[in-house]
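Engineer: File final.txt below, compact mmCIF, C-alpha atoms:
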```
# COMPACT_ATOMS: atom_id res chain seq x y z
CA MET A 1 0.00 0.00 0.00
CA GLU A 2 2.80 2.42 0.88
CA GLU A 3 4.47 1.78 -2.49
CA MET A 4 1.18 2.50 -4.25
CA TYR A 5 0.78 5.82 -2.42
CA GLU A 6 4.36 6.75 -3.28
CA LYS A 7 3.68 6.03 -6.96
CA VAL A 8 0.54 8.19 -6.85
CA GLU A 9 2.46 11.05 -5.20
CA ILE A 10 5.25 10.75 -7.73
CA SER A 11 2.80 10.78 -10.62
CA LEU A 12 1.09 13.88 -9.24
CA GLU A 13 4.43 15.62 -8.76
CA GLU A 14 5.44 14.72 -12.30
CA LYS A 15 2.11 15.95 -13.60
CA ILE A 16 2.58 19.31 -11.88
CA TYR A 17 6.21 19.52 -12.97
CA LEU A 18 5.36 18.82 -16.61
CA ALA A 19 2.25 21.01 -16.73
CA SER A 20 2.30 24.28 -18.63
CA GLN A 21 1.62 27.56 -16.90
CA TRP A 22 -1.89 27.70 -18.37
CA GLN A 23 -2.67 24.24 -17.01
CA LEU A 24 -1.50 25.28 -13.56
CA ILE A 25 -3.63 28.43 -13.77
CA TRP A 26 -6.69 26.41 -14.77
CA TRP A 27 -6.18 23.85 -11.97
CA LYS A 28 -5.91 26.61 -9.38
CA PHE A 29 -8.83 28.54 -10.85
CA LYS A 30 -11.09 25.47 -10.51
CA ARG A 31 -10.41 25.47 -6.76
CA HIS A 32 -11.91 28.96 -6.45
CA LYS A 33 -15.59 28.07 -5.94
CA LEU A 34 -16.94 31.62 -6.08
CA ALA A 35 -15.15 32.25 -9.37
CA ILE A 36 -16.62 29.09 -10.89
CA ILE A 37 -20.12 30.07 -9.75
CA ALA A 38 -19.58 33.57 -11.15
CA LEU A 39 -18.44 32.11 -14.47
CA TRP A 40 -21.65 30.05 -14.75
CA ILE A 41 -23.89 32.98 -13.80
CA LEU A 42 -22.18 35.29 -16.29
CA GLY A 43 -22.52 32.60 -18.92
CA ILE A 44 -26.27 32.48 -18.25
CA LEU A 45 -26.54 36.27 -18.44
CA TYR A 46 -24.74 36.41 -21.78
CA PHE A 47 -26.90 33.53 -23.04
CA ILE A 48 -29.95 35.61 -22.10
CA ALA A 49 -28.52 38.59 -23.96
CA ALA A 50 -27.88 36.48 -27.05
CA PHE A 51 -31.36 34.92 -27.20
CA CYS A 52 -33.47 37.65 -25.58
CA GLU A 53 -36.01 37.66 -28.43
CA PHE A 54 -36.83 34.01 -27.81
CA LEU A 55 -36.72 34.16 -23.99
CA ALA A 56 -38.88 37.29 -23.62
CA PRO A 57 -42.67 36.78 -23.73
CA TYR A 58 -43.19 40.16 -25.42
CA THR A 59 -41.24 42.55 -27.60
CA PRO A 60 -39.82 45.58 -25.77
CA GLU A 61 -42.12 48.00 -27.61
CA THR A 62 -45.33 46.09 -26.82
CA SER A 63 -47.53 48.36 -24.72
CA PHE A 64 -50.64 47.36 -22.76
CA ASP A 65 -52.55 50.61 -22.30
CA GLU A 66 -54.88 49.13 -19.69
CA HIS A 67 -52.06 47.64 -17.63
CA ILE A 68 -49.93 50.61 -16.55
CA PHE A 69 -47.77 50.04 -13.45
CA ILE A 70 -49.03 46.52 -12.84
CA PRO A 71 -47.03 44.78 -10.05
CA PRO A 72 -45.15 41.52 -10.74
CA THR A 73 -47.42 38.58 -11.57
CA PRO A 74 -46.94 35.63 -9.18
CA ILE A 75 -46.81 32.14 -10.68
CA HIS A 76 -48.91 29.43 -9.05
CA ILE A 77 -48.44 25.66 -9.22
CA ILE A 78 -51.12 24.58 -6.71
CA ASP A 79 -54.82 24.77 -7.53
CA ASP A 80 -57.47 23.61 -5.05
CA GLY A 81 -54.78 21.88 -3.02
CA LYS A 82 -53.48 19.92 -6.01
CA LEU A 83 -50.22 20.26 -7.88
CA THR A 84 -50.87 21.45 -11.42
CA ARG A 85 -49.08 23.05 -14.34
CA PRO A 86 -47.86 26.63 -13.73
CA PHE A 87 -50.53 29.29 -14.19
CA VAL A 88 -51.26 32.91 -13.35
CA TYR A 89 -54.43 34.57 -12.19
CA GLY A 90 -56.12 37.37 -14.02
CA PHE A 91 -56.56 40.64 -12.17
CA ASN A 92 -58.82 43.62 -11.86
CA VAL A 93 -57.73 47.22 -11.43
CA ARG A 94 -59.73 49.47 -9.13
CA MET A 95 -59.32 52.84 -7.45
CA ASN A 96 -58.84 53.01 -3.69
CA PHE A 97 -60.79 56.14 -2.68
CA GLU A 98 -59.04 56.30 0.70
CA THR A 99 -55.50 56.52 -0.69
CA PHE A 100 -56.52 57.59 -4.23
CA LEU A 101 -54.16 54.97 -5.63
CA ARG A 102 -54.85 52.26 -8.18
CA GLU A 103 -54.98 48.76 -6.72
CA VAL A 104 -54.50 45.49 -8.57
CA VAL A 105 -56.64 42.69 -7.19
CA PRO A 106 -56.14 39.06 -8.36
CA ASP A 107 -59.22 37.41 -9.85
CA PRO A 108 -59.28 33.69 -8.87
CA GLU A 109 -61.98 33.06 -11.46
CA LYS A 110 -59.54 33.82 -14.27
CA LYS A 111 -56.75 31.28 -14.63
CA TYR A 112 -54.27 31.35 -17.48
CA PRO A 113 -51.94 28.34 -17.81
CA ILE A 114 -48.38 29.11 -18.85
CA ARG A 115 -47.50 27.50 -22.17
CA PHE A 116 -43.95 26.81 -23.20
CA PHE A 117 -42.68 27.35 -26.75
CA TYR A 118 -45.67 29.57 -27.17
CA ARG A 119 -46.46 31.25 -30.50
CA GLY A 120 -46.80 34.93 -29.80
CA GLU A 121 -45.59 38.17 -31.31
CA PRO A 122 -43.29 37.86 -34.34
CA TYR A 123 -39.66 38.93 -34.02
CA LYS A 124 -36.31 38.64 -35.78
CA LEU A 125 -33.64 36.74 -33.89
CA TRP A 126 -30.40 38.78 -34.19
CA GLY A 127 -32.22 40.77 -36.87
CA LEU A 128 -31.86 37.84 -39.27
CA PHE A 129 -34.24 34.95 -38.55
CA GLU A 130 -37.97 35.54 -38.41
CA SER A 131 -39.93 33.60 -35.80
CA ASP A 132 -42.87 33.91 -33.42
CA ILE A 133 -41.93 31.19 -30.92
CA HIS A 134 -41.29 32.42 -27.37
CA LEU A 135 -40.06 30.36 -24.45
CA PHE A 136 -43.29 30.89 -22.56
CA GLY A 137 -46.51 32.86 -22.67
CA VAL A 138 -50.22 32.73 -21.84
CA GLU A 139 -53.30 32.68 -24.05
CA ASP A 140 -56.15 35.16 -23.59
CA GLY A 141 -54.35 36.79 -20.69
CA VAL A 142 -51.10 38.53 -19.79
CA ILE A 143 -48.07 37.65 -17.70
CA PHE A 144 -45.77 40.28 -16.21
CA LEU A 145 -43.08 38.55 -14.15
CA PHE A 146 -41.48 41.87 -13.14
CA GLY A 147 -44.53 44.10 -13.58
CA THR A 148 -45.04 46.90 -16.11
CA ASP A 149 -43.76 50.47 -16.47
CA ASN A 150 -45.50 53.82 -16.99
CA LEU A 151 -46.44 52.88 -20.57
CA GLY A 152 -47.69 49.38 -19.77
CA ARG A 153 -44.60 47.64 -21.16
CA ASP A 154 -43.38 44.36 -19.67
CA ILE A 155 -40.30 45.10 -17.55
CA PHE A 156 -39.09 41.47 -17.68
CA SER A 157 -38.95 41.51 -21.47
CA ARG A 158 -37.25 44.90 -21.51
CA ILE A 159 -34.62 43.74 -19.01
CA LEU A 160 -33.76 40.78 -21.24
CA TYR A 161 -33.44 43.05 -24.27
CA GLY A 162 -31.48 45.61 -22.25
CA ALA A 163 -28.94 42.96 -21.27
CA ARG A 164 -27.69 42.89 -24.86
CA ILE A 165 -26.42 46.49 -24.73
CA SER A 166 -25.45 46.65 -21.06
CA LEU A 167 -23.39 43.45 -21.18
CA THR A 168 -21.75 43.94 -24.58
CA ILE A 169 -20.79 47.58 -24.07
CA GLY A 170 -18.37 46.42 -21.37
CA LEU A 171 -16.72 43.92 -23.72
CA VAL A 172 -16.43 46.37 -26.63
CA GLY A 173 -15.22 49.16 -24.35
CA ILE A 174 -12.57 47.05 -22.67
CA ALA A 175 -11.36 45.80 -26.06
CA LEU A 176 -10.62 49.41 -27.07
CA SER A 177 -8.99 50.11 -23.69
CA LEU A 178 -6.88 46.97 -24.04
CA ILE A 179 -5.61 47.96 -27.48
CA LEU A 180 -4.78 51.52 -26.41
CA GLY A 181 -3.25 50.50 -23.09
CA LEU A 182 -1.00 47.79 -24.52
CA LEU A 183 0.00 49.81 -27.57
CA LEU A 184 0.80 53.12 -25.90
CA GLY A 185 2.15 51.60 -22.70
CA GLY A 186 4.33 49.19 -24.67
CA LEU A 187 5.71 51.97 -26.87
CA ALA A 188 6.48 54.10 -23.82
CA GLY A 189 8.32 51.31 -22.01
CA TYR A 190 10.12 49.84 -25.01
CA LEU A 191 11.24 53.01 -26.80
CA GLY A 192 11.68 55.28 -23.79
CA GLY A 193 13.03 58.81 -24.18
CA THR A 194 10.78 61.43 -25.71
CA VAL A 195 8.07 58.91 -26.65
CA ASP A 196 7.86 57.72 -23.05
CA GLU A 197 7.71 61.28 -21.73
CA VAL A 198 4.94 62.40 -24.10
CA ILE A 199 2.75 59.32 -23.55
CA MET A 200 3.11 59.31 -19.78
CA ARG A 201 2.38 63.04 -19.44
CA GLY A 202 -0.73 62.48 -21.54
CA VAL A 203 -1.75 59.65 -19.22
CA ASP A 204 -1.16 61.86 -16.16
CA PHE A 205 -3.34 64.56 -17.70
CA LEU A 206 -6.24 62.18 -18.41
CA VAL A 207 -6.03 60.51 -14.99
CA SER A 208 -6.16 63.91 -13.24
CA ILE A 209 -9.58 64.69 -14.81
CA PRO A 210 -12.57 63.48 -12.71
CA THR A 211 -14.02 60.52 -14.59
CA ILE A 212 -17.76 61.10 -14.24
CA PRO A 213 -17.70 64.81 -15.26
CA LEU A 214 -15.49 63.89 -18.22
CA TRP A 215 -17.91 61.17 -19.35
CA MET A 216 -20.87 63.50 -18.84
CA SER A 217 -19.35 66.34 -20.84
CA LEU A 218 -18.35 64.08 -23.73
CA SER A 219 -21.75 62.36 -23.74
CA ALA A 220 -23.57 65.69 -23.68
CA ALA A 221 -21.64 66.70 -26.80
CA LEU A 222 -23.15 63.84 -28.82
CA PRO A 223 -25.91 64.86 -31.28
CA ARG A 224 -29.33 63.64 -30.11
CA ASN A 225 -30.41 62.79 -33.65
CA TRP A 226 -27.76 60.10 -34.12
CA PRO A 227 -29.01 56.57 -34.80
CA ILE A 228 -28.83 54.00 -32.00
CA THR A 229 -25.85 52.12 -33.44
CA LYS A 230 -23.77 55.25 -33.87
CA THR A 231 -24.59 56.46 -30.37
CA TYR A 232 -23.76 53.03 -28.95
CA PHE A 233 -20.24 53.04 -30.38
CA ALA A 234 -19.74 56.69 -29.40
CA ILE A 235 -20.62 55.90 -25.77
CA THR A 236 -18.25 52.93 -25.93
CA ILE A 237 -15.39 55.16 -27.09
CA ILE A 238 -16.19 57.67 -24.34
CA LEU A 239 -16.06 54.94 -21.68
CA SER A 240 -12.71 53.81 -23.08
CA ALA A 241 -11.26 57.32 -23.12
CA VAL A 242 -9.77 56.97 -19.64
CA GLY A 243 -10.00 53.24 -19.05
CA TRP A 244 -6.76 52.50 -20.87
CA CYS A 245 -4.56 54.74 -18.68
CA GLY A 246 -4.09 52.30 -15.80
CA LEU A 247 -3.21 49.43 -18.11
CA ALA A 248 -0.78 51.66 -20.04
CA ARG A 249 1.08 52.49 -16.83
CA VAL A 250 1.39 48.87 -15.80
CA THR A 251 2.43 47.81 -19.31
CA ARG A 252 5.13 50.49 -19.37
CA GLY A 253 6.44 49.33 -15.99
CA LYS A 254 6.54 45.70 -17.12
CA PHE A 255 8.38 46.61 -20.29
CA LEU A 256 10.95 48.65 -18.35
CA SER A 257 11.58 45.81 -15.91
CA LEU A 258 11.84 43.14 -18.63
CA LYS A 259 13.82 45.16 -21.15
CA GLU A 260 17.17 44.20 -19.66
CA GLU A 261 16.36 40.55 -18.93
CA ASP A 262 18.61 37.89 -20.44
CA PHE A 263 15.93 36.35 -22.67
CA ILE A 264 15.14 39.75 -24.19
CA THR A 265 18.84 40.41 -24.81
CA ALA A 266 19.20 36.96 -26.38
CA ALA A 267 16.23 37.68 -28.68
CA ARG A 268 17.88 40.90 -29.84
CA LEU A 269 21.23 39.14 -30.45
CA VAL A 270 19.66 36.50 -32.71
CA GLY A 271 18.12 39.25 -34.83
CA CYS A 272 14.48 39.24 -33.75
CA SER A 273 12.49 42.26 -34.90
CA ASN A 274 10.99 44.66 -32.38
CA LEU A 275 7.44 43.45 -33.09
CA ARG A 276 8.44 39.82 -32.56
CA ILE A 277 10.19 40.68 -29.29
CA ILE A 278 7.11 42.58 -28.07
CA PHE A 279 4.47 40.00 -29.02
CA LYS A 280 6.53 36.84 -28.53
CA HIS A 281 8.47 37.69 -25.38
CA PHE A 282 7.17 40.79 -23.60
CA LEU A 283 3.39 40.32 -23.64
CA PRO A 284 3.27 36.58 -22.80
CA SER A 285 5.38 37.22 -19.70
CA PHE A 286 2.56 39.21 -18.05
CA LEU A 287 -0.45 37.97 -20.00
CA SER A 288 -2.07 36.65 -16.82
CA TYR A 289 -2.12 40.18 -15.38
CA ILE A 290 -3.71 41.50 -18.57
CA ILE A 291 -6.52 38.94 -18.31
CA VAL A 292 -7.19 39.86 -14.68
CA SER A 293 -7.11 43.58 -15.47
CA VAL A 294 -9.59 43.14 -18.31
CA THR A 295 -11.96 41.08 -16.16
CA LEU A 296 -11.97 43.64 -13.35
CA SER A 297 -12.38 46.58 -15.74
CA ILE A 298 -15.54 45.32 -17.47
CA PRO A 299 -17.79 46.13 -14.44
CA ASN A 300 -16.55 49.74 -14.51
CA MET A 301 -17.64 50.00 -18.15
CA ILE A 302 -21.08 48.57 -17.32
CA LEU A 303 -21.50 50.93 -14.36
CA GLY A 304 -20.36 53.86 -16.50
CA GLU A 305 -22.96 53.17 -19.19
CA THR A 306 -25.65 52.63 -16.56
CA ALA A 307 -24.82 55.92 -14.83
CA LEU A 308 -24.77 57.93 -18.07
CA SER A 309 -28.02 56.42 -19.33
CA PHE A 310 -29.67 56.88 -15.91
CA LEU A 311 -28.75 60.59 -16.00
CA GLY A 312 -30.06 60.89 -19.56
CA LEU A 313 -26.60 61.54 -21.02
CA GLY A 314 -25.95 58.11 -22.45
CA LEU A 315 -28.07 56.03 -24.77
CA GLN A 316 -31.54 57.37 -25.48
CA PRO A 317 -34.86 55.62 -26.15
CA PRO A 318 -35.80 53.69 -28.24
CA ALA A 319 -32.48 52.06 -27.33
CA ILE A 320 -32.83 49.73 -24.34
CA SER A 321 -30.25 49.23 -21.63
CA TRP A 322 -30.45 48.67 -17.89
CA GLY A 323 -29.49 52.31 -17.32
CA ILE A 324 -32.35 53.52 -19.52
CA LEU A 325 -34.79 51.26 -17.67
CA LEU A 326 -33.72 52.86 -14.40
CA GLN A 327 -34.55 56.39 -15.56
CA GLN A 328 -38.05 56.04 -14.09
CA ALA A 329 -36.46 55.54 -10.68
CA GLN A 330 -35.54 59.26 -10.68
CA ASP A 331 -39.13 60.00 -9.69
CA LEU A 332 -39.53 59.51 -5.93
CA ASN A 333 -43.30 58.95 -6.23
CA VAL A 334 -42.75 56.18 -8.78
CA MET A 335 -40.15 54.49 -6.55
CA THR A 336 -42.43 54.70 -3.52
CA ASN A 337 -45.60 53.39 -5.16
CA HIS A 338 -44.05 51.11 -7.81
CA PRO A 339 -40.77 49.75 -6.39
CA TRP A 340 -40.50 47.03 -9.05
CA VAL A 341 -39.09 49.63 -11.47
CA LEU A 342 -35.82 49.16 -9.54
CA ILE A 343 -35.50 45.50 -10.57
CA PRO A 344 -33.01 46.34 -13.39
CA CYS A 345 -30.68 47.62 -10.64
CA LEU A 346 -30.57 44.06 -9.27
CA PHE A 347 -29.24 42.76 -12.59
CA VAL A 348 -26.53 45.45 -12.64
CA PHE A 349 -25.57 44.51 -9.08
CA ILE A 350 -25.39 40.77 -9.84
CA THR A 351 -23.37 41.31 -13.02
CA VAL A 352 -20.80 43.59 -11.37
CA LEU A 353 -20.51 41.29 -8.36
CA MET A 354 -19.98 38.22 -10.53
CA PHE A 355 -17.29 39.95 -12.57
CA ASN A 356 -15.52 40.89 -9.34
CA PHE A 357 -15.68 37.29 -8.11
CA LEU A 358 -14.35 36.08 -11.46
CA GLY A 359 -11.56 38.64 -11.36
CA ASP A 360 -10.57 37.57 -7.84
CA GLY A 361 -10.39 33.96 -8.96
CA LEU A 362 -8.28 34.82 -12.00
CA ARG A 363 -6.01 37.03 -9.88
CA ASP A 364 -5.34 34.16 -7.46
CA ALA A 365 -4.88 31.67 -10.30
CA ALA A 366 -2.53 33.98 -12.21
CA ASP A 367 0.20 33.06 -9.74
CA PRO A 368 -0.18 29.25 -9.71
CA TYR A 369 2.91 28.71 -7.54
CA SER A 370 1.55 30.69 -4.58
CA ARG A 371 -0.33 28.97 -1.79
```
Would you mind writing the structure in this file as structure tokens?
Structural biologist:
Amino acid sequence: MEEMYEKVEISLEEKIYLASQWQLIWWKFKRHKLAIIALWILGILYFIAAFCEFLAPYTPETSFDEHIFIPPTPIHIIDDGKLTRPFVYGFNVRMNFETFLREVVPDPEKKYPIRFFYRGEPYKLWGLFESDIHLFGVEDGVIFLFGTDNLGRDIFSRILYGARISLTIGLVGIALSLILGLLLGGLAGYLGGTVDEVIMRGVDFLVSIPTIPLWMSLSAALPRNWPITKTYFAITIILSAVGWCGLARVTRGKFLSLKEEDFITAARLVGCSNLRIIFKHFLPSFLSYIIVSVTLSIPNMILGETALSFLGLGLQPPAISWGILLQQAQDLNVMTNHPWVLIPCLFVFITVLMFNFLGDGLRDAADPYSR
């Protein structure tokens, strides 16, 4: 038995010794339970964003004039003490003459079973494929899982559609920041001299400007008659305007510390070009840090877009994002009487929290030799 255990230990040691750095990073990352959970939740959120047309029971523009500010519809699975297929009750709207507020009262006489793969309103998946099949829906009635807004639109459906912009703007924005940060930071650290001085003083200038006022001023300068796509990419560029500065500083520092290393000197002596030295030797040596930096920067992009849209300086209707959906929360009376309009805030919170958990896991795994 002892010999068998020794063989197992030896095989494990050999496996670790022969493993690549990426294998070691993956093995350590799998031990970070919160990061794994965050990865799954983020995967679900991006799946929702990709297939929002199919998952949403209604299109985001669908308005129910008679159902303004309807609270979330509860789903029932027990009828007369028996387990049955999921259904929702109908409801009646009446005026409370004591509080002078509209009240929604469930009507037990009206029962609408929830049907899956339900044929409802037509839509175009990704703007390409026409279909009218939704994941779920009800016949002859309505279902509002997260209630309705001031125009009678289903908040649940609008949240799913809003995920597409709110989640992708972080990826597009961080891609631009990554390119600028690596390019300018790498040039500053590798070339040095005047190039280094000009780039770093530019970084110092941008970092010294308060971020939110800068974003607000640049967003306010955008023409209001621009189409949604053009505004989307303009907001993305604005969010990336300062996001690259931190990465540029770190990249410059890494290049300065690695420039005199033996393997860099050897690469120069064998005649490697500057581009090959940068992409083959410099960047891979701190690629793990780049991945962690990107992961932790995406939430800042999402929060930036949400803040700008909430203040009315970002994307504008008919575009849909979580920030735009939260604009109604600026009215204190709406928040007090219809608190479900704050539900999009929960999705922003979950997304940012999951990205932070994922970034923590990647940061720990980036150094696989630490305990």
Engineer: Which distance in Å separates atom CA of Phe255 of chain A and atom CA of Arg201 of chain A, to one decimal?
Structural biologist: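 Separation between atom CA of Phe255 of chain A and atom CA of Arg201 of chain A: 17.5 Å.
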Engineer: Within 9 Å of Phe282 of chain A, counting all atoms listed in the file, which residues show up once you throw out same-chain ones fewer than 2 positions away? Write them as a VMD selection string, please.
Structural biologist: chain A and resid 186 254 to 255 258 to 259 264 277 to 280 284 to 287
Engineer: Write the residues you've just listed into a file as a compact mmCIF listing (two decimals), keeping the file's coordinate frame, and include C-alpha atoms for each of them.
Structural biologist:
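Output below, filename out-v2.txt:
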```
# COMPACT_ATOMS: atom_id res chain seq x y z
CA GLY A 186 4.33 49.19 -24.67
CA LYS A 254 6.54 45.70 -17.12
CA PHE A 255 8.38 46.61 -20.29
CA LEU A 258 11.84 43.14 -18.63
CA LYS A 259 13.82 45.16 -21.15
CA ILE A 264 15.14 39.75 -24.19
CA ILE A 277 10.19 40.68 -29.29
CA ILE A 278 7.11 42.58 -28.07
CA PHE A 279 4.47 40.00 -29.02
CA LYS A 280 6.53 36.84 -28.53
CA PRO A 284 3.27 36.58 -22.80
CA SER A 285 5.38 37.22 -19.70
CA PHE A 286 2.56 39.21 -18.05
CA LEU A 287 -0.45 37.97 -20.00
```
Engineer: Quick one: everything within 8 Å of Gln328 of chain A, counting only C-alpha atoms, minus sequence neighbours fewer than 6 positions away in the same chain. Send it as a VMD selection string.
Structural biologist: chain A and resid 334 to 335 341
Engineer: Identify the residues within 7 Å of coordinate (-45.1, 31.6, -34.9) (same frame as the file), considering all atoms listed in the file, and give the answer as a VMD selection string.
Structural biologist: chain A and resid 119 to 120 122 131 to 133
Engineer: Rank A:Leu308, A:Ile324, A:Ala234, A:Ile169 by their smallest atom-to-atom distance to Thr211 of chain A, using all atoms listed in the file, and report the top residue only.
Structural biologist: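 Among the listed residues, A:Leu308 lies closest to Thr211 of chain A.
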Engineer: Give me the residues near Pro344 of chain A as a list in words, where near means some atom within 10 Å (using all atoms listed in the file) and where sequence neighbours in that chain fewer than 3 positions away do not count.
Structural biologist: Phe146, Ile155, Phe156, Arg158, Ile159, Leu160, Gly162, Ala163, Ser321, Trp322, Gly323, Ile324, Leu325, Leu326, Trp340, Val341, Phe347, Val348 and Phe349 of chain A
